[in-house]
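Coordinates as given in structure_13.tsv (TSV, C-alpha atoms):
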chain	number	residue	atom	x	y	z
A	14	MET	CA	84.99	54.02	93.77
A	15	LYS	CA	83.18	51.02	92.34
A	16	ASN	CA	82.86	47.84	94.32
A	17	GLY	CA	85.24	45.14	93.20
A	18	SER	CA	87.95	47.56	92.04
A	19	THR	CA	91.50	47.29	93.27
A	20	ILE	CA	92.75	50.21	95.34
A	21	PRO	CA	96.19	50.92	96.71
A	22	PHE	CA	96.83	50.30	100.37
A	23	PHE	CA	99.44	52.33	102.16
A	24	ALA	CA	102.77	50.95	103.28
A	25	HIS	CA	104.52	52.06	106.42
A	26	PRO	CA	108.20	51.36	105.85
A	27	ILE	CA	109.51	51.22	109.41
A	28	PHE	CA	110.07	47.49	109.15
A	29	HIS	CA	112.33	45.37	111.31
A	30	ASN	CA	113.52	41.98	110.17
A	31	PRO	CA	116.39	40.70	112.34
A	32	ILE	CA	116.16	37.20	110.88
A	33	PHE	CA	117.23	37.78	107.31
A	34	MET	CA	119.49	40.84	107.26
A	35	ASP	CA	121.30	43.43	109.35
A	36	GLN	CA	119.41	46.73	109.38
A	37	GLU	CA	122.44	48.60	110.75
A	38	ARG	CA	124.45	47.41	107.74
A	39	ILE	CA	121.77	48.67	105.37
A	40	LYS	CA	121.73	52.00	107.20
A	41	TYR	CA	125.51	52.27	106.80
A	42	LEU	CA	125.31	51.51	103.07
A	43	LEU	CA	122.59	54.13	102.55
A	44	GLN	CA	124.60	56.70	104.48
A	45	GLN	CA	127.65	55.94	102.35
A	46	PHE	CA	125.56	56.26	99.19
A	47	ARG	CA	124.26	59.65	100.24
A	48	LYS	CA	127.79	60.83	101.08
A	49	GLN	CA	128.98	59.49	97.69
A	50	GLN	CA	131.50	57.27	99.46
A	51	LEU	CA	130.37	53.79	98.41
A	52	THR	CA	133.10	51.49	97.24
A	53	ALA	CA	132.42	49.28	94.26
A	54	ALA	CA	131.95	46.29	96.56
A	55	GLU	CA	129.54	48.22	98.81
A	56	ASP	CA	127.58	49.43	95.79
A	57	GLN	CA	127.19	45.84	94.60
A	58	GLU	CA	126.09	44.82	98.10
A	59	LEU	CA	123.41	47.52	98.14
A	60	GLN	CA	122.22	46.51	94.67
A	61	THR	CA	121.97	42.90	95.80
A	62	LEU	CA	119.92	43.86	98.85
A	63	PHE	CA	117.60	46.02	96.78
A	64	ASN	CA	117.11	43.34	94.12
A	65	ASP	CA	116.37	40.61	96.64
A	66	GLU	CA	112.64	40.44	97.36
A	67	THR	CA	113.33	39.45	100.97
A	68	SER	CA	115.36	42.57	101.73
A	69	ALA	CA	114.02	45.21	99.30
A	70	ASP	CA	111.29	46.37	101.67
A	71	LEU	CA	113.74	46.71	104.52
A	72	VAL	CA	116.07	48.84	102.36
A	73	ARG	CA	113.16	51.18	101.66
A	74	SER	CA	112.01	51.10	105.27
A	75	THR	CA	115.46	51.87	106.64
A	76	LEU	CA	115.76	54.81	104.27
A	77	GLY	CA	112.31	56.02	105.30
A	78	SER	CA	113.22	55.75	108.97
A	79	MET	CA	116.45	57.69	108.39
A	80	MET	CA	114.61	60.48	106.60
A	81	GLN	CA	111.81	60.52	109.16
A	82	GLN	CA	114.29	61.11	111.96
A	83	LEU	CA	115.16	64.38	110.28
A	84	SER	CA	111.60	65.63	110.72
A	85	MET	CA	110.68	64.51	114.21
A	86	PRO	CA	108.42	66.98	116.07
A	87	GLY	CA	110.17	69.46	118.30
A	88	GLN	CA	113.32	69.90	116.27
A	89	ALA	CA	114.52	73.47	116.17
A	90	SER	CA	115.18	73.27	112.45
A	91	GLY	CA	111.50	72.56	111.73
A	92	GLN	CA	110.26	70.56	108.77
A	93	PRO	CA	112.97	69.87	106.18
A	94	ASP	CA	112.65	70.93	102.58
A	95	TRP	CA	111.84	67.50	101.15
A	96	GLU	CA	112.11	68.61	97.55
A	97	ALA	CA	115.56	70.07	98.12
A	98	MET	CA	116.61	66.98	100.03
A	99	SER	CA	115.47	64.63	97.29
A	100	GLU	CA	117.21	66.76	94.65
A	101	GLN	CA	120.39	66.68	96.71
A	102	ILE	CA	120.24	62.89	97.01
A	103	LEU	CA	119.27	62.34	93.38
A	104	ALA	CA	122.07	64.63	92.19
A	105	THR	CA	124.49	61.77	92.84
A	106	ASP	CA	124.91	60.74	89.20
A	107	ARG	CA	128.28	59.16	89.88
A	108	ILE	CA	129.39	57.57	93.12
A	109	ALA	CA	132.78	58.73	94.37
A	110	SER	CA	134.41	55.35	94.69
A	111	ASN	CA	137.58	53.68	93.65
A	112	PRO	CA	137.03	52.34	91.10
A	113	PRO	CA	133.97	54.45	90.15
A	114	VAL	CA	130.67	52.73	89.57
A	115	LYS	CA	127.80	53.72	87.34
A	116	ASN	CA	124.74	55.47	88.63
A	117	ASN	CA	121.92	53.01	89.25
A	118	THR	CA	118.38	54.04	88.35
A	119	LYS	CA	117.02	51.59	90.95
A	120	TYR	CA	118.47	53.87	93.63
A	121	ARG	CA	116.86	56.88	92.01
A	122	ARG	CA	113.46	55.21	92.12
A	123	LEU	CA	114.11	54.25	95.73
A	124	PHE	CA	114.76	57.83	96.80
A	125	ILE	CA	112.02	59.26	94.60
A	126	ARG	CA	109.42	57.06	96.27
A	127	THR	CA	110.66	57.98	99.73
A	128	ALA	CA	110.80	61.70	98.99
A	129	ALA	CA	107.26	61.57	97.60
A	130	ALA	CA	106.14	59.75	100.72
A	131	ALA	CA	107.69	62.42	102.91
A	132	ALA	CA	105.80	65.10	101.04
A	133	LEU	CA	102.58	63.19	101.62
A	134	LEU	CA	103.49	62.89	105.29
A	135	ALA	CA	103.74	66.66	105.62
A	136	CYS	CA	100.40	67.13	103.84
A	137	ILE	CA	98.32	64.85	106.07
A	138	SER	CA	100.21	65.70	109.29
A	139	THR	CA	100.28	62.25	110.83
A	140	ALA	CA	103.00	60.33	112.59
A	141	ALA	CA	102.72	57.51	110.07
A	142	TRP	CA	105.10	57.17	107.17
A	143	PHE	CA	103.13	56.27	104.08
A	144	TRP	CA	104.30	55.43	100.59
A	145	PHE	CA	102.45	54.24	97.54
A	146	ARG	CA	103.38	51.79	94.91
A	147	PRO	CA	104.99	53.78	92.06
A	148	ALA	CA	101.94	53.62	89.77
A	149	ASP	CA	99.45	54.73	92.41
A	150	LYS	CA	98.26	58.19	93.30
A	151	ALA	CA	96.98	59.52	96.60
A	152	PRO	CA	93.23	59.95	97.00
A	153	SER	CA	92.15	63.58	96.81
A	154	SER	CA	90.29	63.53	100.11
A	155	THR	CA	89.82	61.56	103.30
A	156	ILE	CA	86.82	60.50	105.35
A	157	ALA	CA	86.67	61.98	108.84
A	158	MET	CA	87.12	59.56	111.72
A	159	GLU	CA	83.95	59.37	113.77
A	160	VAL	CA	85.65	58.44	117.04
A	161	ILE	CA	89.19	59.08	118.26
A	162	PRO	CA	90.78	55.67	118.91
A	163	PRO	CA	91.58	54.94	122.56
A	164	ALA	CA	95.24	55.06	123.49
A	165	SER	CA	95.02	51.44	124.65
A	166	ILE	CA	94.77	50.17	121.07
A	167	ARG	CA	98.32	49.63	119.96
A	168	PRO	CA	100.04	47.41	117.41
A	169	GLY	CA	101.04	43.94	118.54
A	170	MET	CA	104.28	43.20	120.33
A	171	ASN	CA	106.45	40.36	121.58
A	172	GLY	CA	104.72	38.44	124.31
A	173	ALA	CA	103.19	35.08	125.19
A	174	ILE	CA	101.83	32.94	127.99
A	175	LEU	CA	103.81	29.83	128.91
A	176	THR	CA	101.79	27.04	130.53
A	177	LEU	CA	104.02	24.62	132.41
A	178	ASP	CA	103.49	20.92	133.05
A	179	ASP	CA	101.73	21.59	136.37
A	180	ASN	CA	99.32	24.03	134.63
A	181	SER	CA	100.94	27.06	136.25
A	182	GLN	CA	101.40	29.97	133.86
A	183	VAL	CA	104.18	32.46	133.23
A	184	SER	CA	103.68	35.73	131.34
A	185	LEU	CA	106.57	36.34	128.97
A	186	ASP	CA	105.50	39.88	128.00
A	187	SER	CA	107.93	41.61	130.35
A	188	ALA	CA	110.06	38.76	131.71
A	189	GLY	CA	113.79	39.39	131.76
A	190	ASN	CA	116.58	37.18	130.45
A	191	GLY	CA	117.41	34.13	132.51
A	192	LEU	CA	115.93	30.88	133.80
A	193	ILE	CA	112.14	30.85	133.53
A	194	ALA	CA	111.47	27.33	134.80
A	195	ASP	CA	112.98	23.90	135.45
A	196	GLN	CA	110.79	21.17	133.99
A	197	GLN	CA	111.88	17.77	135.29
A	198	GLY	CA	115.49	18.83	134.75
A	199	ALA	CA	114.87	20.52	131.39
A	200	LYS	CA	115.95	24.17	131.57
A	201	VAL	CA	113.59	26.81	130.15
A	202	VAL	CA	115.57	29.99	129.50
A	203	LEU	CA	114.58	33.37	128.08
A	204	GLN	CA	117.30	34.79	125.83
A	205	ASN	CA	116.85	38.15	124.11
A	206	GLY	CA	113.10	37.85	123.66
A	207	ALA	CA	113.03	34.16	122.69
A	208	LEU	CA	112.45	31.04	124.77
A	209	VAL	CA	115.07	28.28	124.57
A	210	TYR	CA	114.78	24.71	125.88
A	211	ASP	CA	117.74	22.65	127.05
A	212	GLY	CA	116.64	19.07	127.70
A	213	LYS	CA	120.02	17.40	128.06
A	214	GLU	CA	119.57	16.90	131.82
A	215	ALA	CA	115.84	16.15	131.74
A	216	LYS	CA	114.88	13.29	134.05
A	217	ALA	CA	111.41	12.88	132.58
A	218	ILE	CA	109.28	14.34	129.80
A	219	ALA	CA	107.13	17.34	130.66
A	220	TRP	CA	104.68	19.01	128.30
A	221	ASN	CA	104.50	22.80	127.91
A	222	ARG	CA	102.23	25.05	125.91
A	223	MET	CA	103.08	28.48	124.54
A	224	SER	CA	100.15	30.69	123.60
A	225	THR	CA	100.19	34.12	121.98
A	226	PRO	CA	97.06	36.17	122.69
A	227	ARG	CA	95.68	38.54	120.08
A	228	GLY	CA	98.16	41.37	119.70
A	229	ARG	CA	101.21	39.23	120.58
A	230	GLN	CA	103.85	37.16	118.78
A	231	PHE	CA	106.76	35.08	120.06
A	232	HIS	CA	109.68	32.86	119.13
A	233	LEU	CA	111.06	29.74	120.81
A	234	THR	CA	113.65	27.04	120.21
A	235	LEU	CA	112.65	23.49	121.11
A	236	SER	CA	115.00	21.03	122.79
A	237	ASP	CA	116.02	19.45	119.45
A	238	GLY	CA	117.05	22.84	118.02
A	239	THR	CA	113.87	23.37	115.98
A	240	ARG	CA	112.99	27.07	115.79
A	241	VAL	CA	109.36	28.14	116.00
A	242	TRP	CA	107.66	31.52	115.43
A	243	LEU	CA	104.07	32.11	116.57
A	244	ASN	CA	101.82	34.72	114.99
A	245	ALA	CA	99.08	36.42	117.03
A	246	ALA	CA	96.31	34.23	118.49
A	247	SER	CA	98.33	31.03	118.08
A	248	SER	CA	99.65	28.21	120.26
A	249	ILE	CA	101.99	25.24	120.28
A	250	ARG	CA	102.07	22.28	122.68
A	251	TYR	CA	105.37	20.38	122.86
A	252	PRO	CA	107.52	18.18	125.13
A	253	THR	CA	110.45	19.72	126.95
A	254	ARG	CA	112.55	16.85	125.58
A	255	PHE	CA	111.88	14.63	122.57
A	256	GLN	CA	112.36	10.90	122.80
A	257	GLY	CA	111.29	7.93	120.74
A	258	LYS	CA	111.05	7.51	116.99
A	259	THR	CA	109.07	10.69	116.30
A	260	ARG	CA	108.99	14.30	117.44
A	261	LYS	CA	105.38	15.42	117.87
A	262	VAL	CA	103.87	18.87	118.52
A	263	GLU	CA	100.37	20.34	118.30
A	264	ILE	CA	99.53	23.81	117.02
A	265	SER	CA	96.71	26.26	116.42
A	266	GLY	CA	96.69	29.63	114.64
A	267	GLU	CA	99.68	30.45	112.45
A	268	VAL	CA	103.16	29.05	113.09
A	269	TYR	CA	106.40	29.04	111.12
A	270	PHE	CA	108.91	26.21	111.64
A	271	GLU	CA	112.58	25.71	110.89
A	272	VAL	CA	112.90	22.05	111.82
A	273	ALA	CA	116.22	20.61	112.98
A	274	ASN	CA	117.24	17.77	110.69
A	275	GLN	CA	117.10	14.36	112.37
A	276	ALA	CA	116.60	11.71	109.70
A	277	SER	CA	115.92	8.99	112.26
A	278	SER	CA	113.19	11.01	114.01
A	279	PRO	CA	110.50	12.59	111.78
A	280	PHE	CA	108.91	15.81	113.02
A	281	ILE	CA	105.10	15.68	113.06
A	282	VAL	CA	102.81	18.68	113.49
A	283	SER	CA	99.17	17.98	114.39
A	284	MET	CA	96.45	20.55	113.62
A	285	ARG	CA	92.69	20.83	113.90
A	286	ASN	CA	90.31	18.49	112.07
A	287	GLY	CA	92.81	15.64	111.87
A	288	ASN	CA	95.28	17.46	109.61
A	289	SER	CA	99.00	16.88	110.00
A	290	VAL	CA	102.40	17.62	108.48
A	291	GLU	CA	105.39	15.27	108.63
A	292	VAL	CA	108.93	16.47	107.95
A	293	LEU	CA	112.56	15.51	108.45
A	294	GLY	CA	114.31	18.87	108.26
A	295	THR	CA	112.73	21.83	106.55
A	296	SER	CA	111.21	25.34	106.71
A	297	PHE	CA	107.46	25.76	106.37
A	298	ASN	CA	104.52	27.91	107.45
A	299	LEU	CA	101.17	26.64	108.74
A	300	ASN	CA	98.04	28.82	108.81
A	301	THR	CA	95.33	27.01	110.76
A	302	TYR	CA	93.13	29.88	112.00
A	303	GLU	CA	89.54	28.81	112.62
A	304	ASP	CA	88.15	31.83	110.73
A	305	GLU	CA	90.09	31.05	107.54
A	306	SER	CA	88.48	29.02	104.77
A	307	ALA	CA	91.13	26.29	104.81
A	308	ILE	CA	94.31	25.17	106.55
A	309	ARG	CA	97.31	26.21	104.46
A	310	ALA	CA	100.73	24.57	104.60
A	311	THR	CA	103.42	26.44	102.68
A	312	LEU	CA	106.84	24.89	102.08
A	313	LEU	CA	109.92	27.12	101.81
A	314	GLU	CA	112.70	24.54	101.90
A	315	GLY	CA	113.02	20.79	102.16
A	316	SER	CA	110.13	18.36	101.89
A	317	VAL	CA	106.91	17.82	103.84
A	318	ARG	CA	104.09	15.32	103.64
A	319	VAL	CA	100.63	16.74	104.34
A	320	ALA	CA	97.72	14.56	105.40
A	321	SER	CA	94.08	15.50	105.81
A	322	GLY	CA	91.50	13.09	107.19
A	323	ASN	CA	90.96	10.11	104.95
A	324	PHE	CA	92.46	11.75	101.87
A	325	LYS	CA	95.67	10.44	100.38
A	326	SER	CA	98.71	12.31	101.73
A	327	ILE	CA	100.67	14.59	99.40
A	328	VAL	CA	104.37	15.50	99.38
A	329	LEU	CA	105.04	19.19	98.75
A	330	GLU	CA	107.97	20.69	96.91
A	331	PRO	CA	109.57	24.03	97.88
A	332	GLY	CA	107.41	26.93	96.77
A	333	GLN	CA	104.16	24.95	96.95
A	334	GLN	CA	101.17	25.48	99.21
A	335	ALA	CA	98.62	22.86	100.22
A	336	GLU	CA	95.07	23.87	101.13
A	337	MET	CA	93.41	21.33	103.40
A	338	GLY	CA	89.66	21.78	103.60
A	339	THR	CA	86.62	19.57	103.86
A	340	GLU	CA	86.91	18.16	100.32
A	341	LYS	CA	90.44	17.36	99.25
A	342	ILE	CA	93.99	18.65	99.44
A	343	ARG	CA	94.63	21.31	96.81
A	344	VAL	CA	98.21	22.16	95.85
A	345	ASN	CA	99.12	25.56	94.36
A	346	ASN	CA	102.22	27.63	93.80
A	347	ALA	CA	102.74	29.86	96.83
A	348	ASP	CA	103.45	33.57	97.05
A	349	ILE	CA	106.25	33.08	99.60
A	350	PRO	CA	106.89	36.77	100.42
A	351	LYS	CA	103.18	37.27	101.08
A	352	VAL	CA	102.91	34.13	103.23
A	353	MET	CA	105.97	35.12	105.27
A	354	ALA	CA	105.13	38.83	105.55
A	355	TRP	CA	103.80	38.46	109.11
A	356	LYS	CA	107.08	36.99	110.33
A	357	ASN	CA	109.02	39.81	108.67
A	358	GLY	CA	106.97	42.52	110.40
A	359	VAL	CA	104.78	43.35	107.40
A	360	PHE	CA	101.17	43.08	106.29
A	361	ASP	CA	101.06	42.12	102.60
A	362	PHE	CA	97.59	42.97	101.30
A	363	GLU	CA	98.31	42.52	97.61
A	364	GLY	CA	95.10	41.21	96.03
A	365	ALA	CA	93.42	40.76	99.44
A	366	GLY	CA	89.73	41.38	99.98
A	367	LEU	CA	88.47	43.60	102.79
A	368	ASP	CA	87.43	40.62	104.91
A	369	GLU	CA	90.95	39.12	104.73
A	370	VAL	CA	92.52	42.46	105.63
A	371	MET	CA	90.18	42.89	108.58
A	372	ARG	CA	90.89	39.39	109.94
A	373	GLN	CA	94.61	40.14	110.05
A	374	LEU	CA	94.15	43.59	111.60
A	375	SER	CA	91.71	42.21	114.17
A	376	ARG	CA	94.24	39.67	115.45
A	377	TRP	CA	97.17	42.06	115.51
A	378	TYR	CA	95.45	45.09	117.08
A	379	ASP	CA	93.13	42.99	119.25
A	380	VAL	CA	89.95	44.64	118.02
A	381	GLU	CA	86.59	43.16	117.10
A	382	VAL	CA	85.53	43.79	113.50
A	383	LEU	CA	81.83	44.09	112.74
A	384	TYR	CA	80.11	44.70	109.41
A	385	GLU	CA	77.08	46.97	109.50
A	386	LYS	CA	74.00	45.14	108.16
A	387	ASN	CA	76.31	42.11	107.72
A	388	ILE	CA	77.47	43.60	104.41
A	389	VAL	CA	81.14	43.14	103.53
A	390	PRO	CA	82.09	45.78	100.93
A	391	ASN	CA	83.60	44.19	97.82
A	392	ILE	CA	86.98	45.94	97.95
A	393	LYS	CA	90.36	44.62	96.87
A	394	PHE	CA	93.63	46.01	98.19
A	395	GLY	CA	97.20	46.21	96.97
A	396	GLY	CA	100.49	47.00	98.66
A	397	LYS	CA	102.16	46.46	102.01
A	398	MET	CA	102.12	48.02	105.44
A	399	SER	CA	104.26	47.71	108.55
A	400	ARG	CA	102.81	45.87	111.52
A	401	ASN	CA	104.31	48.65	113.66
A	402	MET	CA	101.83	51.25	112.42
A	403	GLN	CA	99.93	52.99	115.19
A	404	PHE	CA	96.22	52.22	115.22
A	405	GLU	CA	95.13	55.81	114.62
A	406	ASN	CA	97.23	55.93	111.46
A	407	MET	CA	95.86	52.54	110.48
A	408	LEU	CA	92.37	54.05	110.53
A	409	LYS	CA	93.55	57.00	108.46
A	410	ALA	CA	95.05	54.61	105.93
A	411	LEU	CA	91.77	52.69	105.71
A	412	GLU	CA	89.77	55.87	105.32
A	413	MET	CA	92.09	57.20	102.64
A	414	SER	CA	91.51	53.87	100.89
A	415	LYS	CA	87.79	54.72	100.90
A	416	VAL	CA	86.82	52.23	103.61
A	417	LYS	CA	84.12	53.71	105.82
A	418	VAL	CA	84.94	52.88	109.42
A	419	LYS	CA	83.49	53.73	112.82
A	420	LEU	CA	85.18	52.92	116.11
A	421	ASP	CA	83.22	52.06	119.24
A	422	ASN	CA	85.64	51.26	122.07
A	423	ARG	CA	87.48	48.20	120.70
A	424	LYS	CA	84.87	47.47	118.03
A	425	LEU	CA	85.77	48.49	114.49
A	426	ILE	CA	82.54	48.83	112.52
A	427	ILE	CA	82.75	48.68	108.72
A	428	GLN	CA	79.98	50.57	106.98
A	429	PRO	CA	78.60	49.67	103.52
Final structure tokens representation of the file:
Amino acid sequence: MKNGSTIPFFAHPIFHNPIFMDQERIKYLLQQFRKQQLTAAEDQELQTLFNDETSADLVRSTLGSMMQQLSMPGQASGQPDWEAMSEQILATDRIASNPPVKNNTKYRRLFIRTAAAAALLACISTAAWFWFRPADKAPSSTIAMEVIPPASIRPGMNGAILTLDDNSQVSLDSAGNGLIADQQGAKVVLQNGALVYDGKEAKAIAWNRMSTPRGRQFHLTLSDGTRVWLNAASSIRYPTRFQGKTRKVEISGEVYFEVANQASSPFIVSMRNGNSVEVLGTSFNLNTYEDESAIRATLLEGSVRVASGNFKSIVLEPGQQAEMGTEKIRVNNADIPKVMAWKNGVFDFEGAGLDEVMRQLSRWYDVEVLYEKNIVPNIKFGGKMSRNMQFENMLKALEMSKVKVKLDNRKLIIQP
């Protein structure tokens, strides 16, 4: 492979996105499709989910997960006949519904891709569930792993460290539902893996900080109802109750906000190097990692004003991204699905260079990435991959993408 060429990355379709859709509903619709029992309304619902860029990956992932369950190790029936299974599924040229609906070629492509992925799974004998973009073909060979990865290297998970006003800390990795702390009368409660603040009875303002180490992510709801998601290696400092004319928080790393609308109290996010974002009520993502070339503010809904140092502030429109560096604020059209992939449980490496891919993997798997002879191979990737992929299969995916890797404890060494 020549340096600078674009190569397909693998995608692991066991996604989970509880924010935007109901995976159990998708599973039901796929089961009904396979049994030829979709109603016209259900067929339209499945088409809508598959056409929507937010849910299409989850439709594929749910299907992949359903098919994978049929081939779990230890089953008495052994490996299924994937070709026969795909033929059986694809034989549904008309759906038995009342009224009948026409066969949809989008479904055929959906099942074809999954069946092909299953065949690949059997060939390479891994626990991962790979699938390629339709136009891509599998490499003819793989590069042997030099070191078996330690069992301690696992994909990231929900977890965070909460620092209270008195500087005491609470680990949220394994905490159960219920009251976590009482901060000057403000209740801090853990509910189903997310932290919620109730400041109605707060007697005074206390400041808390939530930090996600490498290999962790978390979600919290501030006292004003603003919802916040933290990517790995990120933090947010905030009051347990907002008061005054503004609502101010400080962040580092990557954070996604859905700000509660309070026209009389603007929401201000402060970042490194004097950068800030001011909003009234909106949804936006901020990437402020120190090892990235610029701070990026991406607006999904509403309106935000971005300010950087002494430069004139700029108001973004939905779908725009501002890059705040050392020169000036640059505004571009954003690839929203790619920006939000981390929140939806996916790595989106479309058009990404090796160094960008490695930065994301390093944070999520908590490994140190080193480049032998300080040479970063000029490789571009394409495709998506689940953040739930086991590290061993991650290495296999990299190697099958012709990236030469060597593992030394928790150091991932990239060879020229």
message: Measuring between all atoms listed in the file, which one of A:Ser321, A:Ser306, A:Gln403, A:Ser296 shows the shortest distance to Ser283 (chain A)?
response: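 Of A:Ser321, A:Ser306, A:Gln403, A:Ser296, the one nearest Ser283 (chain A), counting all atoms listed in the file, is A:Ser321.
Every protein, DNA or RNA residue with an atom at most 7 Å from Val328 (chain A), where only C-alpha atoms count and chain neighbours fewer than 4 positions away do not, is listed here: Ser316, Val317, Arg318 and Val319 of chain A.
With distances restricted to all atoms listed in the file, A:Ala320 is the closest residue to Ile281 (chain A) from A:Ala320, A:Ala365, A:Leu243, A:Ala194.
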query = By how many Å are CA of Gly169 (chain A) and CA of Leu425 (chain A) apart?
reply =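 Rounded to one decimal, the two atoms are 16.4 Å apart.
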field: Exercise: Pro429 (chain A) partners within 9 Å, all atoms listed in the file, chain neighbours under 2 positions left out, as a PyMOL selection string
entry: chain A and resi 384-390+416-417+427
Excluding region 199-213 of chain A and residues on its chain fewer than 4 positions from it, collect all residues at most 6 Å away from it, counting all atoms listed in the file, and give them as a compact mmCIF listing (two decimals) with C-alpha atoms, in the coordinates of the input.
# COMPACT_ATOMS: atom_id res chain seq x y z
CA ASN A 190 116.58 37.18 130.45
CA GLY A 191 117.41 34.13 132.51
CA LEU A 192 115.93 30.88 133.80
CA ILE A 193 112.14 30.85 133.53
CA ALA A 194 111.47 27.33 134.80
CA ASP A 195 112.98 23.90 135.45
CA HIS A 232 109.68 32.86 119.13
CA LEU A 233 111.06 29.74 120.81
CA THR A 234 113.65 27.04 120.21
CA LEU A 235 112.65 23.49 121.11
CA SER A 236 115.00 21.03 122.79
CA ARG A 254 112.55 16.85 125.58
Can you work out the spacing between CA of Leu329 (chain A) and CA of Val344 (chain A) in Å, to one decimal?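 These atoms are spaced 8.0 Å apart.
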Per residue of region 354-409 of chain A within 12 Å of region 264-279 of chain A, note the shortest atom pair and the distance in Å to one decimal, counting all atoms listed in the file, and order the rows by chain and increasing residue number, as JSON lines.
{"residue": "A:Ala354", "atom": "CA", "partner": "A:Tyr269", "partner_atom": "CA", "distance": 11.3}
{"residue": "A:Trp355", "atom": "CA", "partner": "A:Glu267", "partner_atom": "CA", "distance": 9.6}
{"residue": "A:Lys356", "atom": "CA", "partner": "A:Tyr269", "partner_atom": "CA", "distance": 8.0}
{"residue": "A:Asn357", "atom": "CA", "partner": "A:Tyr269", "partner_atom": "CA", "distance": 11.4}
{"residue": "A:Gln373", "atom": "CA", "partner": "A:Glu267", "partner_atom": "CA", "distance": 11.2}
{"residue": "A:Arg376", "atom": "CA", "partner": "A:Gly266", "partner_atom": "CA", "distance": 10.4}
Q.
Just the number, please: distance in Å from CA of Lys325 (chain A) to CA of Leu312 (chain A), one decimal.
A.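 These two atoms are separated by 18.3 Å.
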- Show me as an MDAnalysis selection string the residues that reach within 12 Å of (85.8, 50.3, 116.0), counting only C-alpha atoms and using the file's own coordinates. chainID A and resid 158:163 166 371 374:375 378:385 404:405 407:408 417:428
* **Given all atoms listed in the file as the counted atoms, nearest of A:Leu293, A:Phe360, A:Asn406, A:Gln334 to Trp377 (chain A)** =>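 Closest to Trp377 (chain A) of all the choices is A:Phe360.
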Would you be able to write out as number ranges by chain which residues have an atom within 12 Å of (114.3, 4.3, 126.7) in the file's coordinates, counting only C-alpha atoms?
A: 216-218, 255-258
Go ahead and dump the residues you just picked, C-alpha atoms, as a tab-separated table (two decimals), keeping the file's coordinate frame.
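File out_20.tsv, as written:
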chain	number	residue	atom	x	y	z
A	216	LYS	CA	114.88	13.29	134.05
A	217	ALA	CA	111.41	12.88	132.58
A	218	ILE	CA	109.28	14.34	129.80
A	255	PHE	CA	111.88	14.63	122.57
A	256	GLN	CA	112.36	10.90	122.80
A	257	GLY	CA	111.29	7.93	120.74
A	258	LYS	CA	111.05	7.51	116.99
(request) Write out as a PyMOL selection string each polymer residue whose atoms come within 7 Å of Val183 (chain A), counting only C-alpha atoms; drop sequence neighbours fewer than 5 positions from it. (result) chain A and resi 174-176
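Counting only C-alpha atoms, the residue from A:Ser289, A:Val241, A:Gly315, A:Asp368 that sits nearest to Glu336 (chain A) is A:Ser289.
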Neighbour list for Gly338 (chain A) as an mmCIF file with C-alpha atoms, in the coordinates of the input, cut-off 10 Å, only C-alpha atoms, skip fewer than 6 positions in-chain:
data_model
loop_
_atom_site.group_PDB
_atom_site.id
_atom_site.type_symbol
_atom_site.label_atom_id
_atom_site.label_comp_id
_atom_site.auth_asym_id
_atom_site.auth_seq_id
_atom_site.Cartn_x
_atom_site.Cartn_y
_atom_site.Cartn_z
ATOM 1 C CA ASN A 286 90.310 18.490 112.070
ATOM 2 C CA ASN A 288 95.280 17.460 109.610
ATOM 3 C CA SER A 306 88.480 29.020 104.770
ATOM 4 C CA ALA A 307 91.130 26.290 104.810
ATOM 5 C CA ILE A 308 94.310 25.170 106.550
ATOM 6 C CA ARG A 309 97.310 26.210 104.460
ATOM 7 C CA SER A 321 94.080 15.500 105.810
ATOM 8 C CA GLY A 322 91.500 13.090 107.190
#
